[in-house]
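What follows is the content of my_file39.csv (CSV, C-alpha atoms).
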chain,number,residue,atom,x,y,z
A,2,ARG,CA,3.5,-16.6,16.0
A,3,ALA,CA,0.5,-15.8,13.9
A,4,VAL,CA,1.3,-14.4,10.5
A,5,VAL,CA,-0.4,-12.1,8.0
A,6,LEU,CA,0.8,-11.9,4.4
A,7,ALA,CA,-0.4,-8.9,2.5
A,8,PHE,CA,-0.1,-9.0,-1.3
A,9,ALA,CA,-1.1,-5.7,-3.0
A,10,GLY,CA,-0.9,-4.3,-6.5
A,11,LEU,CA,0.3,-7.6,-7.9
A,12,VAL,CA,-0.3,-6.5,-11.5
A,13,ALA,CA,0.7,-8.8,-14.3
A,14,GLY,CA,3.6,-7.1,-16.1
A,15,ALA,CA,4.2,-4.7,-13.3
A,16,ALA,CA,7.7,-4.1,-11.9
A,17,ALA,CA,9.1,-7.0,-9.9
A,18,PHE,CA,11.5,-7.8,-7.1
A,19,GLY,CA,15.1,-8.6,-6.8
A,20,GLY,CA,16.6,-5.1,-7.3
A,21,PRO,CA,20.4,-4.7,-7.0
A,22,SER,CA,22.2,-4.2,-3.8
A,23,PRO,CA,22.2,-2.1,-1.7
A,24,LEU,CA,18.5,-1.6,-2.3
A,25,THR,CA,17.6,-5.2,-2.0
A,26,PHE,CA,17.9,-7.0,1.3
A,27,GLY,CA,18.9,-10.7,1.1
A,28,ARG,CA,17.0,-13.8,1.9
A,29,ASN,CA,18.9,-14.6,5.0
A,30,ALA,CA,19.0,-11.2,6.6
A,31,ARG,CA,16.3,-8.9,7.7
A,32,VAL,CA,18.3,-5.7,7.6
A,33,GLY,CA,21.4,-6.4,5.5
A,34,ALA,CA,24.1,-3.8,5.0
A,35,LEU,CA,22.5,-0.7,6.3
A,36,THR,CA,25.5,1.4,7.4
A,37,THR,CA,26.4,3.8,4.6
A,38,ARG,CA,23.1,3.3,2.7
A,39,MET,CA,21.0,4.1,5.7
A,40,ALA,CA,23.1,7.1,6.7
A,41,THR,CA,22.4,8.7,3.3
A,42,ALA,CA,18.9,7.4,2.9
A,43,VAL,CA,17.4,8.9,6.1
A,44,PRO,CA,16.0,12.3,5.3
A,45,LYS,CA,16.6,15.3,7.5
A,46,VAL,CA,13.2,15.6,9.1
A,47,PRO,CA,12.0,16.0,12.7
A,48,PHE,CA,11.7,12.8,14.6
A,49,ASP,CA,9.2,14.1,17.1
A,50,GLY,CA,6.2,12.9,15.1
A,51,ALA,CA,4.9,16.5,14.7
A,52,VAL,CA,5.9,17.6,11.2
A,53,VAL,CA,5.4,16.1,7.8
A,54,SER,CA,8.2,17.0,5.4
A,55,GLY,CA,7.7,16.5,1.7
A,56,ALA,CA,5.7,13.7,-0.1
A,57,SER,CA,7.1,10.9,2.0
A,58,GLY,CA,7.1,12.7,5.4
A,59,PRO,CA,8.7,10.1,7.7
A,60,THR,CA,8.0,10.7,11.3
A,61,LEU,CA,8.6,8.7,14.5
A,62,PRO,CA,6.4,8.5,17.6
A,63,GLY,CA,6.6,11.5,20.0
A,64,ASP,CA,6.4,11.3,23.7
A,65,GLY,CA,2.6,11.5,23.9
A,66,ASP,CA,0.1,8.9,23.0
A,67,LEU,CA,-1.8,9.1,19.7
A,68,ASP,CA,-5.1,7.4,20.5
A,69,PHE,CA,-8.0,9.8,20.2
A,70,LEU,CA,-9.4,7.9,17.2
A,71,GLU,CA,-8.9,4.4,18.7
A,72,ALA,CA,-11.7,1.8,19.3
A,73,LYS,CA,-11.9,0.4,22.8
A,74,PRO,CA,-10.1,-1.9,22.8
A,75,TYR,CA,-8.1,-0.6,19.9
A,76,TRP,CA,-8.3,-3.8,17.9
A,77,ASP,CA,-12.1,-4.1,18.1
A,78,GLN,CA,-13.3,-3.7,14.5
A,79,THR,CA,-17.0,-4.2,15.2
A,80,LYS,CA,-17.8,-0.5,14.7
A,81,VAL,CA,-15.7,0.1,11.6
A,82,GLU,CA,-17.9,2.3,9.4
A,83,VAL,CA,-18.4,2.2,5.6
A,84,ASN,CA,-20.2,4.4,3.2
A,85,ILE,CA,-20.5,7.4,5.5
A,86,ALA,CA,-20.6,9.6,2.3
A,87,LYS,CA,-22.3,8.2,-0.8
A,88,GLN,CA,-22.4,9.2,-4.4
A,89,LYS,CA,-25.7,11.0,-4.2
A,90,ASN,CA,-24.5,13.0,-1.2
A,91,PRO,CA,-20.7,13.2,-1.2
A,92,LEU,CA,-18.5,15.0,1.3
A,93,ILE,CA,-16.9,18.1,-0.1
A,94,GLY,CA,-13.2,18.0,0.9
A,95,LYS,CA,-10.3,20.3,-0.1
A,96,ILE,CA,-7.0,19.5,-1.6
A,97,VAL,CA,-4.1,20.3,0.8
A,98,SER,CA,-1.2,19.4,-1.4
A,99,VAL,CA,-0.2,17.5,-4.5
A,100,ALA,CA,3.5,16.5,-4.7
A,101,ARG,CA,5.2,14.5,-7.4
A,102,MET,CA,7.0,11.7,-5.6
A,103,VAL,CA,9.1,10.0,-8.3
A,104,GLY,CA,12.3,11.0,-10.0
A,105,PRO,CA,12.8,12.2,-13.6
A,106,ASN,CA,13.7,8.7,-14.9
A,107,ALA,CA,10.6,7.0,-13.4
A,108,PRO,CA,8.1,5.7,-16.0
A,109,GLY,CA,5.0,7.9,-15.6
A,110,GLU,CA,4.1,10.3,-12.9
A,111,THR,CA,2.9,9.4,-9.4
A,112,ALA,CA,1.7,12.0,-6.9
A,113,ASN,CA,1.2,12.0,-3.1
A,114,ILE,CA,-2.1,13.8,-2.6
A,115,VAL,CA,-3.3,15.1,0.8
A,116,ILE,CA,-7.0,15.9,1.2
A,117,ASP,CA,-8.8,17.7,4.0
A,118,HIS,CA,-12.0,15.9,5.0
A,119,GLN,CA,-12.5,18.0,8.2
A,120,GLY,CA,-12.7,14.9,10.3
A,121,LYS,CA,-16.1,14.1,8.8
A,122,LEU,CA,-15.0,11.0,6.9
A,123,PRO,CA,-13.2,8.8,9.4
A,124,TYR,CA,-11.5,5.6,8.1
A,125,TRP,CA,-9.3,2.7,9.2
A,126,GLU,CA,-6.0,1.6,7.7
A,127,GLY,CA,-6.8,-0.6,4.7
A,128,GLN,CA,-9.9,1.2,3.7
A,129,SER,CA,-10.5,3.2,0.5
A,130,TYR,CA,-12.0,6.5,-0.5
A,131,GLY,CA,-14.1,7.2,-3.5
A,132,VAL,CA,-13.5,10.3,-5.7
A,133,LEU,CA,-16.1,11.8,-8.0
A,134,PRO,CA,-14.3,13.6,-10.8
A,135,PRO,CA,-16.1,16.5,-12.4
A,136,GLY,CA,-17.7,16.4,-15.8
A,137,MET,CA,-19.9,14.1,-17.9
A,138,ASP,CA,-19.1,10.7,-19.2
A,139,PRO,CA,-19.5,11.0,-23.0
A,140,LYS,CA,-20.2,7.3,-23.3
A,141,LYS,CA,-23.1,7.3,-20.8
A,142,ASN,CA,-24.2,10.9,-21.1
A,143,LYS,CA,-24.2,11.3,-17.3
A,144,PRO,CA,-21.8,12.4,-14.6
A,145,TYR,CA,-18.7,10.3,-14.0
A,146,GLY,CA,-19.0,7.6,-11.4
A,147,VAL,CA,-16.9,7.0,-8.3
A,148,ARG,CA,-13.3,6.0,-8.6
A,149,LEU,CA,-11.8,4.1,-5.6
A,150,TYR,CA,-8.4,4.8,-4.2
A,151,SER,CA,-6.7,2.9,-1.4
A,152,ILE,CA,-5.8,5.2,1.5
A,153,ALA,CA,-2.0,5.7,2.1
A,154,SER,CA,-2.3,7.4,5.5
A,155,THR,CA,-3.4,6.2,8.9
A,156,ARG,CA,-6.7,7.2,10.4
A,157,TYR,CA,-4.9,10.2,11.9
A,158,GLY,CA,-3.7,11.5,8.5
A,159,ASP,CA,-0.2,12.7,7.8
A,160,ALA,CA,-0.7,15.8,10.0
A,161,LYS,CA,-1.9,13.5,12.8
A,162,ASP,CA,-5.0,15.6,13.6
A,163,GLY,CA,-7.5,13.2,12.2
A,164,LYS,CA,-8.7,15.6,9.5
A,165,THR,CA,-6.8,14.6,6.4
A,166,THR,CA,-6.2,11.6,4.2
A,167,THR,CA,-3.5,10.8,1.7
A,168,LEU,CA,-3.8,9.1,-1.7
A,169,CYS,CA,-1.0,7.7,-3.9
A,170,VAL,CA,-2.1,8.2,-7.5
A,171,ARG,CA,-0.3,7.5,-10.8
A,172,ARG,CA,-1.4,9.6,-13.7
A,173,ALA,CA,-3.0,7.3,-16.3
A,174,THR,CA,-2.0,8.2,-19.8
A,175,TYR,CA,-2.1,6.5,-23.2
A,176,TRP,CA,0.9,6.8,-25.6
A,177,CYS,CA,-0.3,7.1,-29.2
A,178,PRO,CA,2.2,5.6,-31.7
A,179,GLU,CA,0.8,7.7,-34.5
A,180,LEU,CA,1.0,11.0,-32.6
A,181,LYS,CA,4.2,9.9,-30.8
A,182,ALA,CA,2.8,11.6,-27.7
A,183,ASP,CA,0.2,11.0,-25.0
A,184,ASP,CA,-3.3,11.1,-26.4
A,185,PRO,CA,-5.3,13.5,-24.1
A,186,ALA,CA,-8.5,11.9,-25.4
A,187,LYS,CA,-7.6,8.6,-23.8
A,188,GLN,CA,-6.1,9.7,-20.5
A,189,GLY,CA,-7.5,8.6,-17.2
A,190,VAL,CA,-10.2,11.0,-16.1
A,191,CYS,CA,-9.9,10.8,-12.3
A,192,SER,CA,-6.1,10.2,-12.0
A,193,ASN,CA,-5.4,13.3,-14.2
A,194,TYR,CA,-8.0,15.3,-12.3
A,195,LEU,CA,-6.2,14.5,-9.0
A,196,CYS,CA,-2.7,14.9,-10.3
A,197,ASP,CA,-3.6,18.3,-11.7
A,198,ALA,CA,-5.4,19.5,-8.6
A,199,LYS,CA,-4.3,22.6,-6.7
A,200,PRO,CA,-4.4,23.4,-3.0
A,201,ASN,CA,-7.8,24.5,-1.8
A,202,ASP,CA,-9.6,22.9,-4.8
A,203,GLU,CA,-12.8,21.2,-3.7
A,204,ILE,CA,-13.1,17.5,-4.2
A,205,LYS,CA,-16.1,15.2,-3.9
A,206,LEU,CA,-15.4,12.2,-1.7
A,207,THR,CA,-17.4,9.0,-0.9
A,208,GLY,CA,-16.7,6.2,1.5
A,209,PRO,CA,-14.8,4.9,3.3
A,210,SER,CA,-15.2,1.5,1.7
A,211,GLY,CA,-14.0,-2.0,2.4
A,212,LYS,CA,-13.1,-4.2,5.3
A,213,VAL,CA,-11.1,-6.9,3.7
A,214,MET,CA,-7.7,-5.1,4.1
A,215,LEU,CA,-8.0,-4.3,7.8
A,216,MET,CA,-5.2,-5.2,10.1
A,217,PRO,CA,-5.7,-8.0,12.6
A,218,GLU,CA,-4.4,-6.1,15.6
A,219,ASP,CA,-5.8,-8.4,18.2
A,220,ASP,CA,-2.6,-10.4,18.0
A,221,PRO,CA,0.4,-8.1,18.8
A,222,ASN,CA,2.7,-10.9,17.6
A,223,VAL,CA,1.3,-11.0,14.1
A,224,THR,CA,3.7,-10.9,11.1
A,225,TYR,CA,2.7,-8.8,8.1
A,226,ILE,CA,4.2,-9.7,4.8
A,227,MET,CA,3.3,-7.0,2.4
A,228,VAL,CA,3.9,-7.3,-1.3
A,229,ALA,CA,3.2,-4.3,-3.6
A,230,THR,CA,3.9,-2.9,-7.0
A,231,GLY,CA,3.7,0.8,-7.7
A,232,THR,CA,0.7,2.5,-6.1
A,233,GLY,CA,-0.3,-0.8,-4.6
A,234,ILE,CA,1.9,0.4,-1.8
A,235,ALA,CA,-0.8,2.7,-0.4
A,236,PRO,CA,-2.5,0.5,2.2
A,237,PHE,CA,0.9,-0.8,3.4
A,238,ARG,CA,2.3,2.7,3.8
A,239,SER,CA,-0.6,3.2,6.2
A,240,PHE,CA,0.2,-0.1,8.0
A,241,LEU,CA,3.9,0.8,8.5
A,242,ARG,CA,3.1,4.3,9.6
A,243,ARG,CA,0.7,3.0,12.2
A,244,LEU,CA,3.2,0.5,13.5
A,245,PHE,CA,6.3,2.6,13.4
A,246,GLY,CA,5.5,6.2,12.7
A,247,GLU,CA,2.9,7.0,15.4
A,248,ALA,CA,2.5,6.5,19.1
A,249,THR,CA,-0.6,4.4,18.7
A,250,PRO,CA,-1.6,1.5,21.0
A,251,ALA,CA,-1.1,-0.8,18.0
A,252,GLY,CA,2.4,0.4,17.4
A,253,LYS,CA,3.4,0.3,21.1
A,254,ASN,CA,2.1,-3.2,21.6
A,255,PHE,CA,3.5,-4.6,18.3
A,256,LYS,CA,6.0,-7.4,18.8
A,257,GLY,CA,5.7,-9.1,15.4
A,258,LEU,CA,7.3,-8.5,12.0
A,259,ALA,CA,6.4,-6.2,9.2
A,260,TRP,CA,8.0,-7.4,6.0
A,261,LEU,CA,7.5,-5.2,2.9
A,262,PHE,CA,8.2,-6.1,-0.7
A,263,LEU,CA,8.0,-3.3,-3.2
A,264,GLY,CA,8.5,-3.7,-6.9
A,265,VAL,CA,9.0,-0.8,-9.3
A,266,ALA,CA,10.8,-0.1,-12.5
A,267,ASN,CA,13.9,1.7,-11.2
A,268,LYS,CA,15.2,3.7,-8.3
A,269,ASP,CA,13.5,6.8,-9.4
A,270,ALA,CA,10.1,5.0,-9.2
A,271,LEU,CA,10.5,4.0,-5.5
A,272,LEU,CA,7.6,5.3,-3.4
A,273,TYR,CA,7.9,6.4,0.2
A,274,ASP,CA,11.5,5.1,0.4
A,275,GLU,CA,12.7,7.8,2.7
A,276,GLU,CA,9.9,6.9,5.2
A,277,PHE,CA,10.5,3.2,5.0
A,278,GLN,CA,14.2,3.5,5.5
A,279,VAL,CA,13.6,5.5,8.7
A,280,TYR,CA,11.3,2.9,10.1
A,281,LEU,CA,13.7,0.1,9.1
A,282,ARG,CA,16.7,1.7,10.8
A,283,GLN,CA,14.7,2.4,13.9
A,284,ASN,CA,13.0,-1.0,14.1
A,285,PRO,CA,15.6,-3.5,12.7
A,286,ASP,CA,14.0,-6.5,14.6
A,287,LYS,CA,10.5,-5.7,13.6
A,288,MET,CA,10.8,-4.7,10.0
A,289,ARG,CA,12.1,-6.3,6.8
A,290,LEU,CA,12.4,-4.6,3.5
A,291,ASP,CA,13.0,-5.9,0.0
A,292,TYR,CA,13.0,-3.9,-3.2
A,293,ALA,CA,12.9,-5.2,-6.8
A,294,LEU,CA,13.7,-2.9,-9.7
A,295,SER,CA,12.6,-4.7,-12.8
A,296,ARG,CA,14.6,-2.5,-15.2
A,297,GLU,CA,17.7,-2.4,-13.1
A,298,GLY,CA,17.7,-5.6,-11.1
A,299,PRO,CA,19.0,-9.2,-11.7
A,300,PRO,CA,16.9,-11.6,-13.8
A,301,ASN,CA,14.6,-14.3,-12.4
A,302,LYS,CA,15.7,-17.9,-12.5
A,303,SER,CA,14.7,-18.2,-16.1
A,304,GLY,CA,16.8,-15.3,-17.2
A,305,GLY,CA,13.8,-12.9,-17.6
A,306,LYS,CA,12.7,-9.9,-15.7
A,307,MET,CA,12.0,-10.5,-12.0
A,308,TYR,CA,8.2,-10.0,-11.6
A,309,ILE,CA,6.3,-10.3,-8.4
A,310,GLN,CA,5.3,-14.0,-8.8
A,311,ASP,CA,8.9,-14.9,-9.4
A,312,LYS,CA,10.1,-13.2,-6.2
A,313,VAL,CA,7.3,-14.7,-4.1
A,314,GLU,CA,8.3,-18.1,-5.5
A,315,GLU,CA,11.8,-17.6,-4.3
A,316,TYR,CA,10.4,-17.3,-0.8
A,317,SER,CA,7.7,-20.0,-1.3
A,318,ASP,CA,9.0,-22.2,1.5
A,319,GLU,CA,8.7,-19.3,4.0
A,320,VAL,CA,5.3,-18.2,2.5
A,321,PHE,CA,3.8,-21.7,2.8
A,322,ASP,CA,5.2,-22.2,6.2
A,323,ALA,CA,3.6,-19.0,7.3
A,324,LEU,CA,0.3,-20.0,5.9
A,325,ASP,CA,0.5,-23.3,7.8
A,326,LYS,CA,0.9,-21.2,10.9
A,327,GLY,CA,-2.2,-19.1,10.2
A,328,ALA,CA,-1.0,-16.6,7.7
A,329,HIS,CA,-3.5,-14.2,6.0
A,330,MET,CA,-2.8,-13.4,2.4
A,331,TYR,CA,-4.0,-10.1,1.1
A,332,PHE,CA,-4.3,-9.1,-2.6
A,333,CYS,CA,-5.0,-5.6,-3.7
A,334,GLY,CA,-4.7,-4.1,-7.2
A,335,LEU,CA,-5.8,-4.6,-10.8
A,336,LYS,CA,-7.6,-7.8,-11.8
A,337,GLY,CA,-4.7,-8.6,-14.0
A,338,MET,CA,-2.6,-9.4,-11.0
A,339,MET,CA,-4.3,-12.7,-10.1
A,340,PRO,CA,-3.5,-15.1,-13.0
A,341,GLY,CA,0.3,-14.8,-12.6
A,342,ILE,CA,0.2,-15.2,-8.8
A,343,GLN,CA,-2.3,-18.1,-8.9
A,344,ASP,CA,-0.3,-19.9,-11.6
A,345,MET,CA,2.9,-19.5,-9.5
A,346,LEU,CA,1.1,-20.8,-6.4
A,347,LYS,CA,-0.3,-23.8,-8.4
A,348,GLY,CA,3.2,-24.7,-9.4
A,349,VAL,CA,4.5,-24.5,-5.9
A,350,CYS,CA,1.6,-26.6,-4.6
A,351,ALA,CA,2.4,-29.2,-7.2
A,352,ALA,CA,6.0,-29.3,-6.2
A,353,LYS,CA,5.0,-29.8,-2.6
A,354,GLY,CA,2.4,-32.5,-3.4
A,355,LEU,CA,-0.6,-30.3,-2.6
A,356,ASP,CA,-3.8,-29.8,-4.6
A,357,PHE,CA,-4.0,-26.1,-5.2
A,358,ASP,CA,-7.8,-25.9,-5.4
A,359,GLU,CA,-8.2,-27.8,-2.2
A,360,TYR,CA,-5.5,-25.8,-0.5
A,361,LEU,CA,-7.0,-22.5,-1.6
A,362,SER,CA,-10.5,-23.6,-0.4
A,363,GLY,CA,-9.0,-24.4,3.0
A,364,LEU,CA,-7.5,-20.9,3.2
A,365,LYS,CA,-10.8,-19.3,2.3
A,366,LYS,CA,-12.7,-21.3,4.9
A,367,LYS,CA,-10.3,-20.3,7.6
A,368,GLY,CA,-10.6,-16.6,6.6
A,369,GLN,CA,-6.9,-16.5,5.5
A,370,TRP,CA,-7.5,-15.4,1.9
A,371,HIS,CA,-8.3,-11.7,1.2
A,372,VAL,CA,-8.8,-10.4,-2.4
A,373,GLU,CA,-9.6,-6.8,-3.3
A,374,VAL,CA,-9.1,-6.2,-7.0
A,375,TYR,CA,-10.6,-3.8,-9.5
What do you get writing this file as structure tokens?
Amino acid sequence: RAVVLAFAGLVAGAAAFGGPSPLTFGRNARVGALTTRMATAVPKVPFDGAVVSGASGPTLPGDGDLDFLEAKPYWDQTKVEVNIAKQKNPLIGKIVSVARMVGPNAPGETANIVIDHQGKLPYWEGQSYGVLPPGMDPKKNKPYGVRLYSIASTRYGDAKDGKTTTLCVRRATYWCPELKADDPAKQGVCSNYLCDAKPNDEIKLTGPSGKVMLMPEDDPNVTYIMVATGTGIAPFRSFLRRLFGEATPAGKNFKGLAWLFLGVANKDALLYDEEFQVYLRQNPDKMRLDYALSREGPPNKSGGKMYIQDKVEEYSDEVFDALDKGAHMYFCGLKGMMPGIQDMLKGVCAAKGLDFDEYLSGLKKKGQWHVEVY
């Protein structure tokens, strides 16, 4: 079985894995105890794949096929487009909805944002959109540049009509110790613009961009191991939705395993949990889910908070075994994610008698190493 490991949003200091039961599923079980937890976790939404409900909007495939945006064959990526809309000539889309998707005790604010692109800016799962916020950059005395956001919906959009995209955006703020409040002068320009947007607001879009995060769908037996913190979940939400939430050829032919790790601060900060619980319950042999709540979960082996690199290290034997069988490792998130992960991998390599630099070079030559950081 070929394997794909996808690591996204691995930000140093971000929330890590190993959250408390029942939210965390154990090393030796794919599903764990799902009875009472699953019964309460599954939201009351239609299972016909036709209606999106709330920010998470879980759906299951309907009776008909969803294939009008597929390549022929569906896994052929030779015609994947990039930069259809550019900064000098952006597409004018419209905001459909902006919904807060975290609870009151979550650190910060994260929103699920649906945008209408009229079907004029098609994309594939794993690609990104660019957003041009309004206004002038005071440091450069010219309009603000493009900000990239990983797409959290499949190519069909959450409404499954091929005309929308979904972004998962955390509002960037700066706490001023002197003011004892958020300093509006230092807030993130684009994230605040998006989180404050209203339905029917116009928005300038560029892209889509990137091919490094595309799914290798030519092998239906592939295993995806997806590791995300916070909004790094975006591309993997699109992966899981394509595999389990839509009647696509990729989903119907999928015989592998989709294993998601998501690390956040606490239960209120979980993203798309309702949706993932639905997919897990419906596909117990094809999906595996592990949560880590850094402020509520058990400590790592050193007694500190369980961060991403610590949790991956716990599964290092499985990870390296997967790589030996052709695994692809995907990294997506802030640049700060890389040092902690690489230091951990170096340590594991040393324990296994491997030279890390040589090992990493081999993965890159085989096309198994995918990094997209910003």
Residues near region 256-273 of chain A, anyone? I mean within 8 Å using all atoms listed in the file, not counting same-chain ones fewer than 4 positions away, as a ChimeraX atom specification.
/A:2,15-18,56-57,102-108,221-232,234,237-238,241,277,286-297,308-309
Between CA of Glu314 (chain A) and CA of Lys367 (chain A), distance in Å (one decimal)
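Spanning CA of Glu314 (chain A) to CA of Lys367 (chain A) is a straight-line distance of 22.9 Å.
Residues near the point (1.8, -17.6, 5.2), at a distance of 8 Å or less over all atoms listed in the file, make up Val4, Val5, Leu6, Glu319, Val320, Phe321, Asp322, Ala323, Leu324, Asp325, Lys326, Gly327, Ala328, His329 and Met330 of chain A.
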Can you tell me how far CA of Asn193 (chain A) sits from CA of Ala173 (chain A), in Å to one decimal?
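So the answer is 6.8 Å.
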Report as AutoDock Vina command-line options the centre and the edge lengths, in Å to one decimal, of the axis-aligned box holding every listed atom of region 232-248 of chain A, padded by 3 Å on each side.
--center_x 1.9 --center_y 3.1 --center_z 6.5 --size_x 14.8 --size_y 13.8 --size_z 31.2
Excluding Arg148 (chain A) and any residue of its chain fewer than 6 positions from it, enumerate the residues within 10 Å of it, using only C-alpha atoms, and give them as JSON, numbers by chain.
{"A": [129, 130, 131, 132, 133, 134, 190, 191, 192, 206, 207]}
What's the separation between CA of Tyr157 (chain A) and CA of Ser239 (chain A), in Å to one decimal place?
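So the two atoms, CA of Tyr157 (chain A) and CA of Ser239 (chain A), lie 10.0 Å apart.
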7 Å contact set for Thr111 (chain A), all atoms listed in the file, chain neighbours under 4 positions out, as a list of chain:residue names:
A:Arg101, A:Met102, A:Val103, A:Cys169, A:Val170, A:Arg171, A:Arg172
Applying 6 Å and only C-alpha atoms, which residues near Phe357 (chain A) remain after dropping the ones on its own chain fewer than 4 positions away? List them as a VMD selection string.
chain A and resid 347 350 361
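Counting all atoms listed in the file and comparing A:Gly158, A:Pro144, A:Gly305, A:Gly363, the residue that lies closest to Gln119 (chain A) is A:Gly158.
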Using all atoms listed in the file, which of A:Ala153, A:Val115, A:Met216, A:Leu168 sits nearest Val81 (chain A)?
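Once distances to Val81 (chain A) are computed over all atoms listed in the file, the minimum belongs to A:Met216.
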For Asp197 (chain A), which residue out of A:Gln128, A:Gln283, A:Asn113, A:Thr79 is the nearest one, using only C-alpha atoms?
A:Asn113
Would you pick out the contacts of Asp344 (chain A) at 12 Å or less, using all atoms listed in the file, so that residues sharing its chain but fewer than 4 positions from it are not included, and give the list as a ChimeraX atom specification?
/A:13,310-311,313-314,338-340,348-351,357-358
Give the answer as one residue: which of A:Gly127, A:Gly211, A:Gly109, A:Pro285 has the shortest atom-to-atom distance to Thr155 (chain A), using all atoms listed in the file?
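Of A:Gly127, A:Gly211, A:Gly109, A:Pro285, the one nearest Thr155 (chain A), counting all atoms listed in the file, is A:Gly127.
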Go through A:Glu247, A:Ala112, A:Asn254, A:Lys141 one by one, measure the shortest atom-to-atom distance of each to Tyr194 (chain A) using only C-alpha atoms, and give the residue with the smallest value.
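Of the candidates, the smallest distance to Tyr194 (chain A) is held by A:Ala112.
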Return the single residue from A:Lys212, A:Lys353, A:Pro135, A:Glu203 that is closest to His371 (chain A), with distances computed using only C-alpha atoms.
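Under the stated criterion, the closest residue is A:Lys212.
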